[in-house]
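Asks: Provided herewith: protein03.cif, mmCIF, C-alpha atoms and all ligand atoms.
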```cif
data_entry
loop_
_atom_site.group_PDB
_atom_site.id
_atom_site.type_symbol
_atom_site.label_atom_id
_atom_site.label_comp_id
_atom_site.auth_asym_id
_atom_site.auth_seq_id
_atom_site.Cartn_x
_atom_site.Cartn_y
_atom_site.Cartn_z
ATOM 1 C CA MET A 1 -63.160 -5.462 31.090
ATOM 2 C CA THR A 2 -60.140 -6.190 28.911
ATOM 3 C CA PRO A 3 -60.301 -4.146 25.725
ATOM 4 C CA THR A 4 -60.812 -6.092 22.508
ATOM 5 C CA ILE A 5 -58.240 -6.292 19.713
ATOM 6 C CA GLU A 6 -60.428 -3.921 17.677
ATOM 7 C CA GLU A 7 -60.438 -1.359 20.499
ATOM 8 C CA LEU A 8 -56.692 -1.614 21.033
ATOM 9 C CA ALA A 9 -55.635 -1.353 17.370
ATOM 10 C CA PRO A 10 -57.248 1.774 15.880
ATOM 11 C CA ARG A 11 -55.893 1.728 12.307
ATOM 12 C CA SER A 12 -57.438 0.125 9.244
ATOM 13 C CA GLU A 13 -55.541 -2.485 7.218
ATOM 14 C CA ASP A 14 -55.085 0.068 4.431
ATOM 15 C CA GLU A 15 -53.596 2.607 6.830
ATOM 16 C CA VAL A 16 -51.059 0.020 8.028
ATOM 17 C CA ARG A 17 -50.129 -0.827 4.432
ATOM 18 C CA GLU A 18 -49.601 2.872 3.647
ATOM 19 C CA HIS A 19 -47.527 3.388 6.789
ATOM 20 C CA LEU A 20 -45.285 0.435 5.861
ATOM 21 C CA ALA A 21 -45.100 1.440 2.196
ATOM 22 C CA ALA A 22 -43.737 4.829 3.350
ATOM 23 C CA GLY A 23 -40.866 2.896 4.967
ATOM 24 C CA LYS A 24 -41.976 3.635 8.528
ATOM 25 C CA LEU A 25 -41.827 1.221 11.445
ATOM 26 C CA VAL A 26 -44.771 0.339 13.639
ATOM 27 C CA GLU A 27 -43.958 1.700 17.095
ATOM 28 C CA GLY A 28 -46.975 0.678 19.149
ATOM 29 C CA LEU A 29 -50.694 0.000 19.278
ATOM 30 C CA GLN A 30 -51.409 3.471 17.827
ATOM 31 C CA HIS A 31 -49.941 2.326 14.477
ATOM 32 C CA MET A 32 -51.612 -1.103 14.399
ATOM 33 C CA SER A 33 -54.662 -2.609 12.742
ATOM 34 C CA PRO A 34 -56.437 -5.627 14.269
ATOM 35 C CA GLU A 35 -54.742 -7.997 11.770
ATOM 36 C CA TYR A 36 -51.321 -6.539 12.510
ATOM 37 C CA LEU A 37 -51.884 -6.836 16.256
ATOM 38 C CA ARG A 38 -53.054 -10.450 16.017
ATOM 39 C CA GLY A 39 -50.070 -11.367 13.831
ATOM 40 C CA ILE A 40 -47.398 -9.678 15.926
ATOM 41 C CA ARG A 41 -48.857 -11.166 19.130
ATOM 42 C CA ARG A 42 -48.728 -14.629 17.581
ATOM 43 C CA ILE A 43 -45.084 -14.455 16.484
ATOM 44 C CA LEU A 44 -43.967 -12.778 19.743
ATOM 45 C CA THR A 45 -45.669 -15.530 21.757
ATOM 46 C CA VAL A 46 -43.903 -18.279 19.784
ATOM 47 C CA SER A 47 -40.584 -16.496 20.261
ATOM 48 C CA ALA A 48 -41.000 -15.792 23.988
ATOM 49 C CA ASP A 49 -42.299 -19.321 24.724
ATOM 50 C CA THR A 50 -39.333 -20.844 22.887
ATOM 51 C CA GLU A 51 -36.821 -18.743 24.831
ATOM 52 C CA LEU A 52 -38.566 -19.517 28.135
ATOM 53 C CA ILE A 53 -38.775 -23.293 27.694
ATOM 54 C CA SER A 54 -35.135 -23.525 26.649
ATOM 55 C CA ALA A 55 -34.231 -22.538 30.239
ATOM 56 C CA PRO A 56 -35.525 -25.687 32.026
ATOM 57 C CA ALA A 57 -34.433 -27.816 29.056
ATOM 58 C CA TYR A 58 -30.836 -26.553 29.240
ATOM 59 C CA LEU A 59 -30.804 -26.582 33.048
ATOM 60 C CA ARG A 60 -31.691 -30.291 33.076
ATOM 61 C CA ALA A 61 -28.658 -31.038 30.892
ATOM 62 C CA ALA A 62 -26.318 -28.587 32.654
ATOM 63 C CA ARG A 63 -26.207 -31.006 35.608
ATOM 64 C CA HIS A 64 -23.900 -33.111 33.457
ATOM 65 C CA ALA A 65 -21.336 -30.326 33.032
ATOM 66 C CA PRO A 66 -17.839 -31.848 33.232
ATOM 67 C CA ALA A 67 -16.543 -29.086 35.549
ATOM 68 C CA LEU A 68 -17.750 -26.133 37.590
ATOM 69 C CA ASN A 69 -16.667 -23.480 35.050
ATOM 70 C CA ASN A 70 -18.534 -25.373 32.307
ATOM 71 C CA PHE A 71 -21.625 -25.385 34.516
ATOM 72 C CA GLY A 72 -21.145 -21.612 34.839
ATOM 73 C CA SER A 73 -21.136 -21.179 31.044
ATOM 74 C CA ALA A 74 -24.318 -23.236 30.741
ATOM 75 C CA VAL A 75 -26.030 -21.217 33.466
ATOM 76 C CA SER A 76 -25.061 -17.936 31.815
ATOM 77 C CA ILE A 77 -26.680 -19.185 28.589
ATOM 78 C CA ILE A 78 -29.819 -20.036 30.584
ATOM 79 C CA GLN A 79 -29.798 -16.546 32.091
ATOM 80 C CA ASP A 80 -29.618 -15.056 28.577
ATOM 81 C CA GLU A 81 -32.584 -17.171 27.468
ATOM 82 C CA LEU A 82 -34.680 -15.973 30.413
ATOM 83 C CA ALA A 83 -33.834 -12.386 29.517
ATOM 84 C CA HIS A 84 -34.824 -13.048 25.876
ATOM 85 C CA ALA A 85 -38.139 -14.496 27.049
ATOM 86 C CA HIS A 86 -38.649 -11.456 29.257
ATOM 87 C CA ILE A 87 -38.184 -9.100 26.279
ATOM 88 C CA GLY A 88 -40.905 -10.952 24.339
ATOM 89 C CA TYR A 89 -43.397 -11.072 27.211
ATOM 90 C CA ARG A 90 -42.794 -7.403 28.094
ATOM 91 C CA LEU A 91 -43.573 -6.414 24.506
ATOM 92 C CA LEU A 92 -46.724 -8.563 24.633
ATOM 93 C CA GLY A 93 -47.624 -6.710 27.840
ATOM 94 C CA ASP A 94 -47.297 -3.408 25.959
ATOM 95 C CA LEU A 95 -49.650 -4.870 23.342
ATOM 96 C CA GLY A 96 -52.426 -5.405 25.855
ATOM 97 C CA VAL A 97 -51.763 -9.027 26.844
ATOM 98 C CA ALA A 98 -51.965 -9.843 30.580
ATOM 99 C CA MET A 99 -48.450 -11.200 31.205
ATOM 100 C CA GLY A 100 -49.111 -13.060 34.465
ATOM 101 C CA PRO A 101 -51.845 -15.333 33.120
ATOM 102 C CA LEU A 102 -49.947 -15.748 29.836
ATOM 103 C CA ILE A 103 -46.800 -17.076 31.507
ATOM 104 C CA TYR A 104 -48.142 -18.700 34.663
ATOM 105 C CA GLU A 105 -51.725 -19.773 34.058
ATOM 106 C CA ARG A 106 -51.644 -21.336 30.606
ATOM 107 C CA GLU A 107 -51.861 -25.099 30.377
ATOM 108 C CA PRO A 108 -48.579 -26.730 29.251
ATOM 109 C CA GLU A 109 -49.976 -27.808 25.878
ATOM 110 C CA GLN A 110 -50.972 -24.207 25.104
ATOM 111 C CA PHE A 111 -47.344 -23.090 24.939
ATOM 112 C CA LYS A 112 -46.163 -22.496 21.399
ATOM 113 C CA TYR A 113 -42.520 -23.584 21.220
ATOM 114 C CA PRO A 114 -41.073 -26.132 18.774
ATOM 115 C CA TYR A 115 -41.604 -29.813 19.558
ATOM 116 C CA ALA A 116 -37.816 -30.385 19.797
ATOM 117 C CA PHE A 117 -37.753 -28.856 23.305
ATOM 118 C CA ASP A 118 -40.252 -31.459 24.507
ATOM 119 C CA VAL A 119 -37.612 -34.144 24.111
ATOM 120 C CA PRO A 120 -35.251 -34.290 27.121
ATOM 121 C CA LEU A 121 -31.562 -33.372 26.893
ATOM 122 C CA ASP A 122 -29.881 -36.003 29.030
ATOM 123 C CA SER A 123 -26.145 -35.335 28.771
ATOM 124 C CA TRP A 124 -23.526 -32.637 28.257
ATOM 125 C CA HIS A 125 -23.155 -33.971 24.691
ATOM 126 C CA GLU A 126 -26.833 -33.334 24.023
ATOM 127 C CA LEU A 127 -26.642 -29.868 25.586
ATOM 128 C CA VAL A 128 -23.746 -28.728 23.406
ATOM 129 C CA MET A 129 -25.415 -30.293 20.348
ATOM 130 C CA ALA A 130 -28.536 -28.279 21.234
ATOM 131 C CA ASN A 131 -26.386 -25.137 21.297
ATOM 132 C CA ALA A 132 -24.947 -26.068 17.897
ATOM 133 C CA LEU A 133 -28.284 -26.990 16.262
ATOM 134 C CA TYR A 134 -31.195 -25.419 18.189
ATOM 135 C CA ASP A 135 -29.470 -22.109 18.916
ATOM 136 C CA GLN A 136 -28.468 -22.024 15.253
ATOM 137 C CA ALA A 137 -32.148 -22.400 14.359
ATOM 138 C CA GLY A 138 -33.058 -19.634 16.808
ATOM 139 C CA PHE A 139 -30.313 -17.461 15.355
ATOM 140 C CA VAL A 140 -31.500 -17.979 11.749
ATOM 141 C CA LEU A 141 -35.096 -17.169 12.733
ATOM 142 C CA LEU A 142 -34.266 -14.142 14.869
ATOM 143 C CA SER A 143 -31.798 -12.665 12.379
ATOM 144 C CA ASP A 144 -34.570 -12.840 9.811
ATOM 145 C CA VAL A 145 -36.926 -11.015 12.210
ATOM 146 C CA HIS A 146 -34.176 -8.520 13.055
ATOM 147 C CA ARG A 147 -33.713 -7.713 9.343
ATOM 148 C CA SER A 148 -37.354 -7.778 8.298
ATOM 149 C CA SER A 149 -39.475 -6.866 11.289
ATOM 150 C CA THR A 150 -41.646 -3.778 10.930
ATOM 151 C CA PHE A 151 -42.274 -3.657 14.697
ATOM 152 C CA GLY A 152 -39.656 -1.147 15.894
ATOM 153 C CA PRO A 153 -39.400 -2.050 19.605
ATOM 154 C CA TRP A 154 -38.720 -5.727 18.826
ATOM 155 C CA LYS A 155 -36.371 -4.973 15.947
ATOM 156 C CA ARG A 156 -34.201 -2.829 18.227
ATOM 157 C CA ALA A 157 -34.253 -5.324 21.106
ATOM 158 C CA LEU A 158 -33.033 -8.093 18.811
ATOM 159 C CA ALA A 159 -29.670 -6.406 18.306
ATOM 160 C CA LYS A 160 -28.740 -7.539 21.841
ATOM 161 C CA VAL A 161 -30.424 -10.949 21.488
ATOM 162 C CA ASP A 162 -28.516 -11.730 18.277
ATOM 163 C CA LYS A 163 -25.172 -11.058 19.961
ATOM 164 C CA GLU A 164 -25.999 -13.408 22.821
ATOM 165 C CA GLU A 165 -27.233 -16.149 20.499
ATOM 166 C CA THR A 166 -23.866 -15.951 18.742
ATOM 167 C CA PHE A 167 -22.231 -16.801 22.072
ATOM 168 C CA HIS A 168 -24.554 -19.820 22.592
ATOM 169 C CA LEU A 169 -23.791 -21.065 19.130
ATOM 170 C CA ARG A 170 -20.045 -20.644 19.642
ATOM 171 C CA HIS A 171 -20.301 -22.519 22.933
ATOM 172 C CA GLY A 172 -21.978 -25.405 21.114
ATOM 173 C CA ARG A 173 -19.525 -25.474 18.237
ATOM 174 C CA THR A 174 -16.410 -25.199 20.404
ATOM 175 C CA TRP A 175 -17.539 -28.140 22.522
ATOM 176 C CA VAL A 176 -18.681 -30.291 19.613
ATOM 177 C CA LYS A 177 -15.310 -29.773 17.951
ATOM 178 C CA LYS A 178 -13.421 -30.551 21.146
ATOM 179 C CA LEU A 179 -15.392 -33.736 21.879
ATOM 180 C CA CYS A 180 -15.019 -34.937 18.282
ATOM 181 C CA ALA A 181 -11.242 -35.150 18.776
ATOM 182 C CA ASP A 182 -11.766 -38.192 21.039
ATOM 183 C CA PRO A 183 -13.256 -41.328 19.395
ATOM 184 C CA VAL A 184 -15.390 -42.332 22.391
ATOM 185 C CA GLU A 185 -16.788 -38.829 22.881
ATOM 186 C CA LYS A 186 -17.294 -38.458 19.150
ATOM 187 C CA ALA A 187 -19.567 -41.515 19.078
ATOM 188 C CA ARG A 188 -21.741 -39.861 21.729
ATOM 189 C CA ILE A 189 -21.820 -36.590 19.775
ATOM 190 C CA GLN A 190 -22.834 -38.530 16.660
ATOM 191 C CA ALA A 191 -25.619 -40.268 18.612
ATOM 192 C CA ALA A 192 -26.940 -36.866 19.727
ATOM 193 C CA ALA A 193 -26.860 -35.521 16.158
ATOM 194 C CA ASP A 194 -28.718 -38.623 14.932
ATOM 195 C CA TRP A 195 -31.952 -37.634 16.668
ATOM 196 C CA MET A 196 -31.462 -33.872 17.047
ATOM 197 C CA PHE A 197 -30.651 -32.926 13.450
ATOM 198 C CA ILE A 198 -33.970 -34.120 12.008
ATOM 199 C CA LEU A 199 -35.920 -32.563 14.897
ATOM 200 C CA THR A 200 -34.317 -29.228 14.021
ATOM 201 C CA LEU A 201 -35.289 -29.659 10.361
ATOM 202 C CA GLU A 202 -38.885 -29.832 11.620
ATOM 203 C CA TRP A 203 -38.399 -26.663 13.675
ATOM 204 C CA PHE A 204 -39.094 -24.438 10.662
ATOM 205 C CA GLY A 205 -42.605 -25.790 10.274
ATOM 206 C CA LEU A 206 -44.724 -26.864 7.359
ATOM 207 C CA PRO A 207 -43.228 -26.690 3.858
ATOM 208 C CA ASP A 208 -44.192 -23.674 1.730
ATOM 209 C CA GLU A 209 -46.608 -25.687 -0.415
ATOM 210 C CA ARG A 210 -48.619 -26.451 2.746
ATOM 211 C CA LYS A 211 -48.361 -23.118 4.475
ATOM 212 C CA ARG A 212 -49.471 -19.725 3.244
ATOM 213 C CA HIS A 213 -47.425 -16.894 4.645
ATOM 214 C CA GLY A 214 -49.441 -14.020 3.159
ATOM 215 C CA ILE A 215 -49.851 -11.691 6.091
ATOM 216 C CA GLN A 216 -46.628 -12.724 7.866
ATOM 217 C CA LEU A 217 -44.512 -11.645 4.914
ATOM 218 C CA GLU A 218 -46.701 -8.747 3.853
ATOM 219 C CA TYR A 219 -46.693 -7.104 7.275
ATOM 220 C CA GLY A 220 -43.017 -7.917 7.711
ATOM 221 C CA PHE A 221 -43.301 -10.200 10.726
ATOM 222 C CA LYS A 222 -40.710 -12.280 8.909
ATOM 223 C CA GLY A 223 -38.807 -11.938 5.639
ATOM 224 C CA MET A 224 -38.162 -15.545 4.600
ATOM 225 C CA THR A 225 -40.554 -18.475 4.125
ATOM 226 C CA ASN A 226 -40.320 -21.701 6.149
ATOM 227 C CA ASP A 227 -38.437 -23.537 3.413
ATOM 228 C CA GLU A 228 -36.042 -20.626 2.880
ATOM 229 C CA LEU A 229 -35.308 -20.569 6.625
ATOM 230 C CA ARG A 230 -34.779 -24.356 6.658
ATOM 231 C CA GLN A 231 -32.321 -23.935 3.774
ATOM 232 C CA ALA A 232 -30.522 -21.093 5.561
ATOM 233 C CA TRP A 233 -30.171 -23.252 8.683
ATOM 234 C CA MET A 234 -28.775 -26.204 6.715
ATOM 235 C CA GLY A 235 -26.374 -23.773 5.040
ATOM 236 C CA GLU A 236 -24.838 -23.105 8.472
ATOM 237 C CA ALA A 237 -25.300 -26.421 10.284
ATOM 238 C CA VAL A 238 -24.340 -28.957 7.596
ATOM 239 C CA PRO A 239 -20.896 -27.545 6.617
ATOM 240 C CA PHE A 240 -19.953 -27.335 10.302
ATOM 241 C CA MET A 241 -20.944 -30.958 10.949
ATOM 242 C CA GLN A 242 -19.024 -32.051 7.842
ATOM 243 C CA GLU A 243 -15.974 -30.122 9.053
ATOM 244 C CA VAL A 244 -15.907 -31.948 12.412
ATOM 245 C CA GLY A 245 -16.711 -35.318 10.819
ATOM 246 C CA ILE A 246 -20.268 -35.800 12.115
ATOM 247 C CA ASP A 247 -22.648 -37.467 9.638
ATOM 248 C CA VAL A 248 -25.922 -35.675 9.051
ATOM 249 C CA PRO A 249 -28.562 -36.659 6.481
ATOM 250 C CA ALA A 250 -28.195 -33.649 4.148
ATOM 251 C CA HIS A 251 -25.898 -32.504 1.364
ATOM 252 C CA TRP A 252 -25.467 -29.633 -1.091
ATOM 253 C CA ASP A 253 -27.171 -30.487 -4.366
ATOM 254 C CA GLU A 254 -25.047 -28.782 -7.028
ATOM 255 C CA ASP A 255 -27.608 -29.251 -9.808
ATOM 256 C CA GLY A 256 -30.570 -27.978 -7.823
ATOM 257 C CA GLN A 257 -28.434 -25.307 -6.056
ATOM 258 C CA ARG A 258 -30.008 -26.173 -2.749
ATOM 259 C CA TRP A 259 -29.557 -28.293 0.359
ATOM 260 C CA ALA A 260 -31.111 -31.717 -0.074
ATOM 261 C CA ILE A 261 -32.340 -33.938 2.766
ATOM 262 C CA ASP A 262 -31.051 -37.515 2.511
ATOM 263 C CA CYS A 263 -33.517 -39.341 4.732
ATOM 264 C CA PRO A 264 -37.279 -39.828 4.747
ATOM 265 C CA PHE A 265 -38.693 -36.456 5.820
ATOM 266 C CA PRO A 266 -40.929 -35.796 7.606
ATOM 267 C CA ALA A 267 -40.696 -39.047 9.547
ATOM 268 C CA ARG A 268 -42.091 -40.910 12.536
ATOM 269 C CA PHE A 269 -40.264 -40.316 15.829
ATOM 270 C CA ASP A 270 -40.216 -42.446 18.970
ATOM 271 C CA ALA A 271 -39.761 -39.758 21.636
ATOM 272 C CA GLU A 272 -39.367 -42.217 24.531
ATOM 273 C CA VAL A 273 -36.205 -43.734 23.076
ATOM 274 C CA LYS A 274 -35.285 -40.627 21.002
ATOM 275 C CA ARG A 275 -35.068 -42.509 17.720
ATOM 276 C CA TRP A 276 -36.365 -41.867 14.199
ATOM 277 C CA LEU A 277 -38.306 -44.736 12.608
ATOM 278 C CA LEU A 278 -36.770 -44.074 9.210
ATOM 279 C CA ASP A 279 -37.454 -47.611 7.963
ATOM 280 C CA ASP A 280 -41.162 -46.710 7.948
ATOM 281 C CA GLY A 281 -40.395 -44.183 5.185
ATOM 282 C CA ALA A 282 -41.652 -40.613 4.896
ATOM 283 C CA ILE A 283 -45.003 -39.754 6.490
ATOM 284 C CA GLY A 284 -47.465 -36.928 5.821
ATOM 285 C CA TRP A 285 -47.323 -33.587 7.639
ATOM 286 C CA ASP A 286 -50.781 -34.297 9.066
ATOM 287 C CA GLU A 287 -49.270 -37.044 11.180
ATOM 288 C CA VAL A 288 -46.482 -34.683 12.295
ATOM 289 C CA LEU A 289 -49.094 -32.099 13.288
ATOM 290 C CA VAL A 290 -50.766 -34.707 15.513
ATOM 291 C CA ARG A 291 -47.447 -35.392 17.277
ATOM 292 C CA TRP A 292 -46.765 -31.654 17.679
ATOM 293 C CA LYS A 293 -50.247 -30.984 19.068
ATOM 294 C CA GLY A 294 -49.997 -33.900 21.490
ATOM 295 C CA ARG A 295 -46.678 -32.397 22.712
ATOM 296 C CA GLY A 296 -43.736 -34.514 23.874
ATOM 297 C CA PRO A 297 -42.433 -36.097 27.086
ATOM 298 C CA MET A 298 -41.106 -32.986 28.904
ATOM 299 C CA ASN A 299 -43.859 -30.449 28.142
ATOM 300 C CA ALA A 300 -45.803 -30.704 31.421
ATOM 301 C CA ASP A 301 -42.643 -31.102 33.505
ATOM 302 C CA TYR A 302 -40.887 -27.992 32.122
ATOM 303 C CA VAL A 303 -43.956 -25.744 32.208
ATOM 304 C CA GLY A 304 -44.752 -27.056 35.701
ATOM 305 C CA ARG A 305 -41.286 -26.048 36.905
ATOM 306 C CA LEU A 306 -41.633 -22.550 35.471
ATOM 307 C CA GLN A 307 -45.075 -22.064 37.023
ATOM 308 C CA ARG A 308 -44.536 -23.756 40.377
ATOM 309 C CA GLY A 309 -43.473 -20.724 42.411
ATOM 310 C CA TYR A 310 -46.270 -18.531 41.092
ATOM 311 C CA ARG A 311 -48.893 -21.207 41.603
ATOM 312 C CA SER A 312 -47.889 -22.013 45.167
ATOM 313 C CA ARG A 313 -47.798 -18.300 46.052
ATOM 314 C CA MET A 314 -51.271 -17.788 44.562
ATOM 315 C CA ALA A 315 -52.587 -20.804 46.483
ATOM 316 C CA ALA A 316 -51.154 -19.576 49.823
HETATM 317 FE FE FE A 401 -32.382 -16.960 23.175
HETATM 318 FE FE FE A 402 -29.851 -19.300 22.805
#
```
Show how you would write the structure in this file as C-alpha cells.

Replies:
Amino acid sequence: MTPTIEELAPRSEDEVREHLAAGKLVEGLQHMSPEYLRGIRRILTVSADTELISAPAYLRAARHAPALNNFGSAVSIIQDELAHAHIGYRLLGDLGVAMGPLIYEREPEQFKYPYAFDVPLDSWHELVMANALYDQAGFVLLSDVHRSSTFGPWKRALAKVDKEETFHLRHGRTWVKKLCADPVEKARIQAAADWMFILTLEWFGLPDERKRHGIQLEYGFKGMTNDELRQAWMGEAVPFMQEVGIDVPAHWDEDGQRWAIDCPFPARFDAEVKRWLLDDGAIGWDEVLVRWKGRGPMNADYVGRLQRGYRSRMAA
C-alpha cells in the first residue's frame, strides 16, 4: 500500500507556519504538512515535466544545426535539460512519489508543462529563438524559486540549474544577434518571434485577478505572482529584441511604470500553421484554458518518444 499524503507529512499547518516564521527551511517530509506536501509536489512536477519535454522539442530542431559544432552545443543544452528534469523527479521520489509510473506511465495529456512546448520547433532559427525566449522564461521562474523556495533540497540544487540556464540563454541571444546581421536570416528570426513571443507571454499563466496564489506565496513555493513574473520576463526579453531590431508586441509604459502588451492578449492561436489570429481580437482566458487542456500538436509525439524504451522493455 502506498502511504497517503496525511501519513507521509506528519506536521500540522500551524507547525509549518511556525517553522517558516522562524526562518528555517523545510528539509524533508518530516517538516511537512499535507498542504505543504501537495503544493511542493505540484510545483516540482510542473518544473520537472517542463525540463523533460524541452529535450525532445530541442532535439527535433537540433537536426537543422548549420554545422557539427553547433549540433554539439544544442545537444549539450538537451543534456542539461535532462539533468534538470532528473533533479525534479528525484526530489519527487524523496517525497513519496513513484518515479517510474510518473515519468513513463502517465498519459501525454497529464504532463504539466507549458503549452508552448506542444508547438513544434522546425528550424535552427526557431531553436535559438526558443533559447532566447523560453529559456528566459524558465530562468525567470527558477530564479524566483531559487530566491524564495522554502524547500531546502530544491533551493540548493537550483544554484547549478541557474548557471546552466544562463548558458542556454546566452546561446540563444548570441545566435539571434548573429542571424539578425543578415537581412534574409533576420526575416526568419522575425517570423519565429512573431508566434513565439506571445506563446511565452502565456507561459506565466492566468493573470493575478483570475488566479489566487495564497498557499504558493505563503509557503514560499514561489515569491512573485504570475503577472509579476510576466513583467520580469518582458523586462529581459523586450530590451534584447529591441537591441537586435526584432519587433515584438510590447513596450515600456513610462506613465504606468510597467511593460505593456501591444496586441490582443490573450488571443486565438492556430497551432497547425503557428499563427496568431489577432484580427479576432482578445479572447477570454476560459478559451485559452480549453486550448491548454486539449494540448497541442506535439504532445503525444514527444511523450511517446520519452516513454518508448520503457514501454517496450515492460512489454517484452
Ligand atoms: Fe532547464
Ligand atoms: Fe534551458

Asks: Write out as a list in words the residues lying within 9 Å of A:Ser148, counting only C-alpha atoms and excluding same-chain residues fewer than 3 positions away.

Replies: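 Close residues of A:Ser148: Ser143, Asp144, Val145, Lys155, Leu217, Gly220, Phe221, Lys222, Gly223 and Met224 of chain A.
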
Asks: Pick out the closest residue to ligand FE 402 (chain A) from this set: A:Asp94, A:Asp301, A:Glu81, A:Glu272. Count all atoms listed in the file.

Replies: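 Among the listed residues, A:Glu81 lies closest to ligand FE 402 (chain A).
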
Asks: List the residues selected by the PyMOL selection byres (((chain A and resi 129-132) around 6) and not hetatm) in the file shown, writing them as a list in words.

Replies: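 Applied to this file, the PyMOL selection byres (((chain A and resi 129-132) around 6) and not hetatm) selects Glu126, Leu127, Val128, Leu133, Tyr134, Asp135, Gln136, His168, Leu169, Gly172 and Arg173 of chain A.
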
Asks: Could you tell me which residues the PyMOL selection byres (((not hetatm)) within 10 of (chain A and resi 402)) grabs in this file, written as an NGL selection string?

Replies: :A and (50-51 or 54-55 or 58 or 77-82 or 84 or 130-132 or 134-139 or 161-169)

Asks: Determine the residue membership of the PyMOL selection byres (((chain A and resi 179) around 12) and not hetatm) for the file above and supply it as a list of chain:residue names.

Replies: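 Applying the expression gives A:Pro66, A:Trp124, A:His125, A:Glu126, A:Val128, A:Met129, A:Gly172, A:Arg173, A:Thr174, A:Trp175, A:Val176, A:Lys177, A:Lys178, A:Cys180, A:Ala181, A:Asp182, A:Pro183, A:Val184, A:Glu185, A:Lys186, A:Ala187, A:Arg188, A:Ile189, A:Gln190, A:Val244, A:Gly245, A:Ile246.
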
Asks: Using all atoms listed in the file, determine which residues lie at most 9 Å from stretch 282-288 of chain A, disregarding the query and same-chain residues fewer than 6 positions distant; provide the list as a list in words.

Replies: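 Neighbouring residues, sequence-local ones excluded: Leu206, Pro207, Arg210, Cys263, Pro264, Phe265, Pro266, Ala267 and Arg268 of chain A.
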
Asks: Tell me, in Å to one decimal, how far atom CA of A:Ala250 is from atom CA of A:Asp262.

Replies: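 Computing it gives 5.1 Å between the two atoms.
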
Asks: With distances taken over only C-alpha atoms, which of A:Ile215, A:Ile103, A:Leu142, A:Ile53 is nearest to A:Asn299?

Replies: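 Closest residue, counting only C-alpha atoms: A:Ile53.
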
Asks: Have a look at A:Trp276, A:Leu306, A:Gly88, A:Leu199 and name the one nearest to A:Val46; count only C-alpha atoms.

Replies: A:Gly88

Asks: Could you tell me how far atom CA of A:Arg291 sits from atom CA of A:Leu52, in Å to one decimal place?

Replies: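 Calculated distance between atom CA of A:Leu52 and atom CA of A:Arg291 is 21.2 Å.
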
Asks: Given the point (-48.5, -13.5, 19.0) in the coordinates of this file, which residues lie within 12 Å, counting all atoms listed in the file, and how would they look as a list in words?

Replies: Glu35, Tyr36, Leu37, Arg38, Gly39, Ile40, Arg41, Arg42, Ile43, Leu44, Thr45, Val46, Ser47, Ala48, Asp49, Gly88, Tyr89, Leu91, Leu92, Gly93, Leu95, Gly96, Val97, Leu102, Phe111, Lys112, Tyr113, Gln216 and Phe221 of chain A

Asks: Take the point (-39.9, -27.1, 18.6) as written in the file and pick out every residue within 8 Å of it, counting all atoms listed in the file; give the list as a PyMOL selection string.

Replies: chain A and resi 50+113-118+199-200+202-203

Asks: Kindly indicate which residue among A:Leu158, A:Ala22, A:Ala62, A:Leu68 lies nearest to ligand FE 401 (chain A), using all atoms listed in the file for the distances.

Replies: A:Leu158

Asks: Will you model N, CA and C atoms for stretch 185-196 of chain A and pass it back as a compact mmCIF listing (two decimals), in the frame of the given file?

Replies:
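Below you can see rebuild_13.txt, which holds the result:
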```
# COMPACT_ATOMS: atom_id res chain seq x y z
N GLU A 185 -15.89 -39.99 22.76
CA GLU A 185 -16.79 -38.83 22.88
C GLU A 185 -17.48 -38.55 21.55
N LYS A 186 -16.73 -38.75 20.47
CA LYS A 186 -17.29 -38.46 19.15
C LYS A 186 -18.50 -39.35 18.87
N ALA A 187 -18.43 -40.61 19.29
CA ALA A 187 -19.57 -41.52 19.08
C ALA A 187 -20.81 -40.99 19.81
N ARG A 188 -20.60 -40.39 20.97
CA ARG A 188 -21.74 -39.86 21.73
C ARG A 188 -22.29 -38.58 21.07
N ILE A 189 -21.39 -37.79 20.51
CA ILE A 189 -21.82 -36.59 19.77
C ILE A 189 -22.62 -37.00 18.54
N GLN A 190 -22.13 -38.03 17.84
CA GLN A 190 -22.83 -38.53 16.66
C GLN A 190 -24.25 -39.02 17.04
N ALA A 191 -24.32 -39.74 18.17
CA ALA A 191 -25.62 -40.27 18.61
C ALA A 191 -26.60 -39.12 18.91
N ALA A 192 -26.07 -38.03 19.46
CA ALA A 192 -26.94 -36.87 19.73
C ALA A 192 -27.41 -36.25 18.41
N ALA A 193 -26.49 -36.11 17.45
CA ALA A 193 -26.86 -35.52 16.16
C ALA A 193 -27.90 -36.39 15.46
N ASP A 194 -27.82 -37.71 15.65
CA ASP A 194 -28.72 -38.62 14.93
C ASP A 194 -30.19 -38.32 15.21
N TRP A 195 -30.53 -37.97 16.44
CA TRP A 195 -31.95 -37.63 16.67
C TRP A 195 -32.21 -36.12 16.61
N MET A 196 -31.20 -35.31 16.93
CA MET A 196 -31.46 -33.87 17.05
C MET A 196 -31.48 -33.13 15.71
```
